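Below is one structure, written out as C-alpha cells; comments come after it.
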Amino acid sequence: MRYVEQLPYEIEEENHVTITMADGVRLSARIWRPVSSGREPVPAVVECIPYRKNDLTSTRDAIHHPYIAGHGYACVRVDLRGTGESEGVLLDEYLEQEQRDAEEVLAWVAAQPWCDGNTGMTGISWGAFAALQTAARRPESLKAIVIASFTDDRYADDMHYLGGAMLSDNLAEAGTMFAYATCPPDPEVVGERWRDMWRERLEAARPWVLEWLRHPHRDAYWQHASLSEDYTRLKCPVLASSGWADGYSNAVTRLLAGADVPRKGLIGPWSHKLPHLGEPGPAIGYLQEVVRWWDHWLKGIDNGAMDGPMLRAWMQESVPPSTSYEERPGRWVGEPSWPSPHVEEVVHPLRGSAIVTAEEAEPAAVPGRTRTVRSPLSVGQFAGKWASYNAPPDLPYDQREEDGGSLVYESEPLTERVEILGSPSVDLEVAASAPVAQVTARISDVAPDGRATRVTYGVLNLTHRESDEHPRPLEPGRRYRARITLNGVAQVFPPGHRIRLSLSTSYWPLVWPAPEPALLTVHGEGAALTLPVRPTDEPDGMPQTAFGEPEGCRPPPVTRLTEPEQAWNVSRSLVDYRSALDIVKDRGLQRYEENGIEVGLRACEKYTSVADDFSSPSGRSAWTMTFSRPGWDVRVETSTVLTADAEEFRVDATLDGYEDGRRVFSRTWNETVPRNLA
C-alpha cells in the first residue's frame, strides 16, 4: 500500500465525542474532519461497529477515515451501544435498538455546524450490515452507502444457516461476540465509572448462540433487518463489494439484481477484507473509488461515478490447491447489468459418474443410474472456513481425501477453456434413509496430475427442500426433487482439466452434522449440474487499467510486545478414532502508542468427533482478551462449548472477568435447545 502524506484538505481529529440517544445513553465517536469545516460545512460519512475504535480497529480506521476526511468529508466512527467507550449493553446483533441508534446518530451528525446536512454510511461486515439496514429505514439525511462483505439475507446467507444447515461459524461468531460485548471501556476516556460500565456489560452478557439455536428456521427473528424480504425499502445509491474467498460472495450480485436504485458491484479474489487491504491479492485502489462515489452522491459532482459496468468481477485463473494465496492470478471483467446478458446457464446432465453435455445425454447414449452415498464425518476436515480471513491460512485444501467419502461426477478432460461467472446449481432426485439429512455439493477444478482445487460449494438440509420458513421431515425411502444452489464464483477451467462435482452427506466441521447418519440414494433421472458460463470470446468490458494502486493514510505506530501465533491443525487417532480440528488465532500483545493501551487477543476453536458417531461432534470457542496500561490491568475470558444428540443442542459456557489478576466476575450457563430439524 502507498501511504499518502498530502491530502487536499488539512484535517483535525477528536478521539472521544459523545452522542446522546433519546433514552439518555451516550455513544462514543471518533471524528476526523477538515479544519475548514467549521466555516465551510462538508458532507459526513458514518461507520457504526462494535469493535473498539480506540484500539482493536484503530489501525484499520486510521488508514481510511483520515483519507476520506482529507478529501473533504467529516468521518464519524461510532462504537455501538455497549462496546468500547459507549454506554449501555450489546445483547445481540442487528437489534431494533441498534438501528434506532444509527438513525439518531445520523440526525445528530447532520445537525452539526461542520456538516452540510448530507450523510453517507460505510463499513465492512457488521458496519456494512448496519449501513444497509439503516438505509432501508430511509433516514432523511442519508444520501448513499458504501458497503463491503455484507448480506441482505440474515438467515441463509450469513454465518448461521446455509441451506437450512447450521454452520459451525454460528458457534464461532457467537464466541467472538461473547468476548467483544464483555470488554471494559478505557478509564482514561470515561473515568472512574469504567468499572460500573464494565460490570453492567458482564451482568447482561449471555451466549448469543442460545438465541441463534432457538431460530433454526427463517422466522421473524431473521426476517428483521433482512433487505431481501423487501428490496423496495432501499432508496439510496449503493456501492457494494465482496470477495470470492469471503463467506459473503453472493450478496453483491443478489443486491444488483433485486434493488432498483443506482448501484455498482465489485467482487475481487479477496477474503473478509476491505479491497484496498485485499488478501489474496491483488488489492486495489478502493479508496479512490469510494471518494469518487461520495463526491458524486454527497457533493453532486458529475464525475462519471456511474459510468462503466454495473458489476466488476475478478475472473480467477486455475491454481493448485492451497490453504492460502498471496495472489490469485486472473483479470477483471465487467458486466453491464445483473443478471448479465453475457452469461448463459448451461445444463450438464449427470450420467453414471460422468458430467456430460446435453447432446451426450440423449436416451440412447448413457442411461441414468442410481447411486448411493453415506459419507463419513471426516468429509469436511479440509473444507476451510465459511468466511476466510486468510489468517491463519483457512482456505480449502486438496479435495481428493474429501472425495474419497463422496459421490463423484466428473467431466472428460476439457478441450477448450471454460469460464463461469455466477452461482452454479445442482438438481437431484434423492431418497434418504432418515427424516433429517444433508447434502453438500462441491465443484472442483481437477488438474491433469489429479490435484483438486475446490471452486465453490453449496449445502442443503433436505428438510428445507421447499421452504426455509416451514421445513418438513423426509419420509425415509421416498423420492424428492431438490436443488442445491452453490456460492457465486468467477473461475477459469483450462483445457486438459476436468470439472468435478462431489456430493456428500456430511461436511463437518464447516457444517454441523445431521442428527443421525443417512444413506442418500441419488437417482439418475433428471440429475444435472448447471453452470453459469461466460463465453471466452466475450469482451472483458473493462479498461486496460481497471483500478489504481492501493493507497491510504499512514496509521499510528503499534509496538509488538509478544509474537502472534496461528495454527490450523487436523489430527486423527487410529486408536480411539477421534478426529480434531484445532484453530489458534493469537494477535500477540501489542501496544498502541497513540494512547498507550496494551492489548492481547487470543482465540481458540476446537472441533472434535469420534469415528462416524453423529452424536459425538463437539465445538468449542474460547477467547482471552487483555487490556492494560500502568495502573490498569483487566482480562476477559470466555468459553462456549456446543454439543448435540439427536434431539437437542447443549450449550455450556463460562464468562470470567479479572482485574489486576483477581477474578471479579464469574458466571456459567448450562442450557439445552431442541434441534427442530436442524
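Labels used: A, B, ... for chains in the order of the C-alpha cells, numbers from 1 for residues in each chain, and numbers from 1 for ligands as shown.
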Can you pull out every residue within 9 Å of Val636 (chain A), counting only C-alpha atoms, but drop anything in the same chain fewer than 6 positions away, and send it as an MDAnalysis selection string?
chainID A and resid 179 182:184 623:627 655:658
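Near Ser322 (chain A), within a cut-off of 12 Å and counting only C-alpha atoms, sit the residues Pro280, Arg328, Phe382, Ala383, Gly384, Asn390, Pro393, Asp394, Leu395, Pro396, Tyr397, Asp398, Gln399, Arg451, Ala452, Thr453, Arg454 and Val455 of chain A, with same-chain residues fewer than 6 positions away left out.
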Leaving out Met310 (chain A) and any residue of its chain fewer than 5 positions from it, which residues lie within 9 Å of it when counting only C-alpha atoms, given as a compact mmCIF listing (two decimals) with N, CA and C atoms, in the first residue's frame?
# COMPACT_ATOMS: atom_id res chain seq x y z
N LEU A 256 -27.58 -6.39 -6.73
CA LEU A 256 -27.64 -5.78 -8.06
C LEU A 256 -28.91 -6.21 -8.78
N ARG A 263 -26.65 1.66 -8.50
CA ARG A 263 -25.86 0.67 -7.78
C ARG A 263 -24.71 0.18 -8.63
N LYS A 264 -23.63 -0.14 -7.93
CA LYS A 264 -22.43 -0.69 -8.54
C LYS A 264 -21.93 -1.84 -7.68
N GLY A 265 -21.41 -2.89 -8.32
CA GLY A 265 -20.90 -4.04 -7.61
C GLY A 265 -19.45 -4.32 -7.96
N LEU A 266 -18.72 -4.82 -6.98
CA LEU A 266 -17.29 -5.11 -7.14
C LEU A 266 -16.98 -6.38 -6.36
N GLY A 334 -16.15 -7.01 -16.79
CA GLY A 334 -17.25 -6.13 -16.45
C GLY A 334 -18.55 -6.58 -17.09
N GLU A 335 -19.64 -6.45 -16.34
CA GLU A 335 -20.96 -6.81 -16.84
C GLU A 335 -21.87 -5.59 -16.78
N PRO A 336 -22.61 -5.33 -17.86
CA PRO A 336 -23.43 -4.09 -17.90
C PRO A 336 -24.62 -4.12 -16.96
N SER A 337 -25.06 -5.31 -16.55
CA SER A 337 -26.20 -5.45 -15.65
C SER A 337 -26.12 -6.82 -15.02
N TRP A 338 -26.97 -7.05 -14.04
CA TRP A 338 -27.03 -8.39 -13.43
C TRP A 338 -28.48 -8.73 -13.13
Please, which residues of region 548-656 of chain A, numbered as in this document, come out strand (DSSP E or B) from DSSP, as an NGL selection string?
:A and (551-552 or 558-560 or 565-572 or 578-592 or 597-610 or 618-629 or 632-644 or 648-656)
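Between Pro113 (chain A) and the candidates A:Arg137, A:Arg33, A:Lys585, A:Arg201, the tightest atom-to-atom separation, counting only C-alpha atoms, involves A:Arg33.
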Contact table region 18-128 of chain A vs region 218-222 of chain A, cut-off 12 Å, shortest pair per residue, only C-alpha atoms, as a Markdown table:
| residue | atom | partner | partner_atom | distance |
| --- | --- | --- | --- | --- |
| A:Asp92 | CA | A:Tyr221 | CA | 11.3 |
| A:Glu93 | CA | A:Trp222 | CA | 10.6 |
| A:Tyr94 | CA | A:Trp222 | CA | 9.8 |
| A:Leu95 | CA | A:Tyr221 | CA | 9.5 |
| A:Glu96 | CA | A:Tyr221 | CA | 10.8 |
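Pairwise distance (CA of Val436 (chain A), CA of Gly458 (chain A)) equals 17.3 Å.
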What lies within 6 Å of region 148-164 of chain A using only C-alpha atoms, ignoring chain neighbours under 5 positions off, as a compact mmCIF listing (two decimals) with N, CA and C atoms, in the first residue's frame?
# COMPACT_ATOMS: atom_id res chain seq x y z
N ILE A 124 -17.44 -2.45 6.61
CA ILE A 124 -17.26 -3.82 6.19
C ILE A 124 -17.86 -4.72 7.25
N SER A 125 -18.49 -5.81 6.83
CA SER A 125 -19.06 -6.79 7.73
C SER A 125 -20.15 -6.12 8.59
N ALA A 128 -21.14 -2.82 7.40
CA ALA A 128 -21.91 -2.85 6.16
C ALA A 128 -23.34 -3.27 6.41
N PHE A 129 -23.53 -4.27 7.30
CA PHE A 129 -24.88 -4.64 7.71
C PHE A 129 -25.61 -3.40 8.24
N ASP A 169 -19.71 -21.73 12.11
CA ASP A 169 -19.48 -20.31 12.38
C ASP A 169 -20.60 -19.70 13.22
N ASN A 170 -21.74 -20.38 13.30
CA ASN A 170 -22.78 -19.96 14.24
C ASN A 170 -22.22 -19.94 15.66
N TRP A 222 -35.09 -13.61 11.96
CA TRP A 222 -34.12 -13.40 10.87
C TRP A 222 -34.65 -12.44 9.82
N SER A 226 -33.47 -7.95 7.29
CA SER A 226 -33.02 -8.61 6.06
C SER A 226 -33.65 -7.90 4.87
N LEU A 227 -32.86 -7.16 4.12
CA LEU A 227 -33.38 -6.39 2.99
C LEU A 227 -34.01 -7.30 1.94
N SER A 228 -33.55 -8.55 1.85
CA SER A 228 -34.08 -9.46 0.83
C SER A 228 -35.57 -9.70 0.99
N ALA A 240 -21.30 -1.62 -3.60
CA ALA A 240 -21.21 -2.85 -2.82
C ALA A 240 -20.05 -3.70 -3.31
N SER A 241 -19.29 -4.29 -2.36
CA SER A 241 -18.15 -5.12 -2.74
C SER A 241 -18.05 -6.33 -1.84
N SER A 242 -17.32 -7.34 -2.31
CA SER A 242 -17.01 -8.53 -1.53
C SER A 242 -15.87 -9.26 -2.22
N TYR A 248 -19.36 -14.01 2.13
CA TYR A 248 -20.41 -13.13 1.61
C TYR A 248 -20.28 -12.89 0.11
N ALA A 251 -24.00 -11.81 -1.95
CA ALA A 251 -24.90 -10.68 -1.70
C ALA A 251 -24.76 -9.58 -2.73
N VAL A 459 -24.78 -26.16 0.30
CA VAL A 459 -25.30 -27.13 1.26
C VAL A 459 -26.82 -27.04 1.28
N LEU A 460 -27.47 -28.18 1.46
CA LEU A 460 -28.92 -28.18 1.63
C LEU A 460 -29.31 -29.19 2.70
N ASN A 461 -29.97 -28.68 3.75
CA ASN A 461 -30.69 -29.54 4.68
C ASN A 461 -31.97 -29.95 3.95
N HIS A 464 -35.42 -28.69 4.23
CA HIS A 464 -35.68 -27.33 3.73
C HIS A 464 -35.80 -27.31 2.21
Hey, which bits of region 280-347 of chain A sit within 10 Å of region 472-492 of chain A, and for each residue what's the closest pair of atoms and how far apart in Å (one decimal), counting only C-alpha atoms, rows by chain and increasing number, as a tab-separated table?
residue	atom	partner	partner_atom	distance
A:Ala313	CA	A:Ala490	CA	7.3
A:Trp314	CA	A:Ala490	CA	6.7
A:Met315	CA	A:Ala490	CA	4.9
A:Gln316	CA	A:Gln491	CA	4.8
A:Glu317	CA	A:Val492	CA	5.0
A:Ser318	CA	A:Val492	CA	5.8
A:Val319	CA	A:Val492	CA	9.5
A:Gly330	CA	A:Val492	CA	8.7
A:Val333	CA	A:Ala490	CA	9.5
Could you take the residues named above and write them with N, CA, C and O atoms, as a PDB file, in the first residue's frame?
ATOM      1  N   ALA A 313     -15.826  -7.846 -11.765  1.00  0.00           N
ATOM      2  CA  ALA A 313     -15.512  -9.082 -11.052  1.00  0.00           C
ATOM      3  C   ALA A 313     -14.160  -9.621 -11.511  1.00  0.00           C
ATOM      4  O   ALA A 313     -13.803  -9.525 -12.690  1.00  0.00           O
ATOM      5  N   TRP A 314     -13.442 -10.219 -10.560  1.00  0.00           N
ATOM      6  CA  TRP A 314     -12.132 -10.808 -10.843  1.00  0.00           C
ATOM      7  C   TRP A 314     -12.333 -12.249 -11.319  1.00  0.00           C
ATOM      8  O   TRP A 314     -12.790 -13.097 -10.564  1.00  0.00           O
ATOM      9  N   MET A 315     -12.010 -12.495 -12.591  1.00  0.00           N
ATOM     10  CA  MET A 315     -12.094 -13.831 -13.158  1.00  0.00           C
ATOM     11  C   MET A 315     -10.823 -14.583 -12.775  1.00  0.00           C
ATOM     12  O   MET A 315      -9.738 -14.267 -13.251  1.00  0.00           O
ATOM     13  N   GLN A 316     -10.974 -15.587 -11.911  1.00  0.00           N
ATOM     14  CA  GLN A 316      -9.828 -16.267 -11.327  1.00  0.00           C
ATOM     15  C   GLN A 316      -9.318 -17.379 -12.246  1.00  0.00           C
ATOM     16  O   GLN A 316     -10.085 -18.233 -12.693  1.00  0.00           O
ATOM     17  N   GLU A 317      -8.021 -17.363 -12.469  1.00  0.00           N
ATOM     18  CA  GLU A 317      -7.388 -18.437 -13.228  1.00  0.00           C
ATOM     19  C   GLU A 317      -7.232 -19.674 -12.340  1.00  0.00           C
ATOM     20  O   GLU A 317      -7.296 -19.598 -11.110  1.00  0.00           O
ATOM     21  N   SER A 318      -6.997 -20.800 -12.966  1.00  0.00           N
ATOM     22  CA  SER A 318      -6.790 -22.053 -12.247  1.00  0.00           C
ATOM     23  C   SER A 318      -5.522 -21.980 -11.405  1.00  0.00           C
ATOM     24  O   SER A 318      -4.492 -21.459 -11.843  1.00  0.00           O
ATOM     25  N   VAL A 319      -5.600 -22.500 -10.165  1.00  0.00           N
ATOM     26  CA  VAL A 319      -4.436 -22.562  -9.272  1.00  0.00           C
ATOM     27  C   VAL A 319      -4.421 -23.917  -8.570  1.00  0.00           C
ATOM     28  O   VAL A 319      -5.464 -24.544  -8.387  1.00  0.00           O
ATOM     29  N   GLY A 330      -5.492 -13.695 -12.511  1.00  0.00           N
ATOM     30  CA  GLY A 330      -6.776 -13.528 -13.167  1.00  0.00           C
ATOM     31  C   GLY A 330      -6.850 -12.192 -13.866  1.00  0.00           C
ATOM     32  O   GLY A 330      -5.829 -11.530 -14.108  1.00  0.00           O
ATOM     33  N   VAL A 333     -13.296  -8.505 -15.288  1.00  0.00           N
ATOM     34  CA  VAL A 333     -14.311  -8.489 -16.334  1.00  0.00           C
ATOM     35  C   VAL A 333     -15.460  -7.618 -15.850  1.00  0.00           C
ATOM     36  O   VAL A 333     -15.708  -7.501 -14.643  1.00  0.00           O
TER      37      VAL A 333
END
May I have the residues within 9 Å of Leu80 (chain A) as a ChimeraX atom specification, using only C-alpha atoms and disregarding those fewer than 6 positions away in the same chain?
/A:27-28,48-52,86-87,89-90,98,101-102
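Between CA of Val343 (chain A) and CA of Asp537 (chain A) the interatomic distance comes to 11.8 Å.
Of the residues listed (A:Arg371, A:Arg60, A:Arg620, A:Arg572), A:Arg620 shows the shortest atom-to-atom separation from Thr176 (chain A); distances use only C-alpha atoms.
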Neighbour list for Glu10 (chain A) as a list in words, cut-off 7 Å, only C-alpha atoms, skip fewer than 3 positions in-chain
Leu7, Pro34, Val35 and Gly70 of chain A
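Each of A:Gly120, A:Ala130, A:Phe178, A:Thr323 was compared to Pro237 (chain A) using only C-alpha atoms, and A:Gly120 turns out to be the nearest.
With distances restricted to only C-alpha atoms, A:Glu419 is the closest residue to Thr536 (chain A) from A:Glu419, A:Asp427, A:Asp196, A:Asp61.
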Which is closest to Ile31 (chain A) among A:Ser467, A:Thr18, A:Ser571, A:Thr608, if we use only C-alpha atoms?
A:Thr18
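Minimum atom-to-atom distance to Trp632 (chain A), evaluated using only C-alpha atoms, belongs to A:Gly661 out of A:Pro392, A:Gly661, A:Pro349, A:Gly88.
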Within 12 Å of Thr545 (chain A) using only C-alpha atoms, minus same-chain residues under 2 positions, as a PyMOL selection string:
chain A and resi 284-285+331-333+541-543+547-549
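You will find CA of Ser502 (chain A) at 22.1 Å from CA of Ser579 (chain A).
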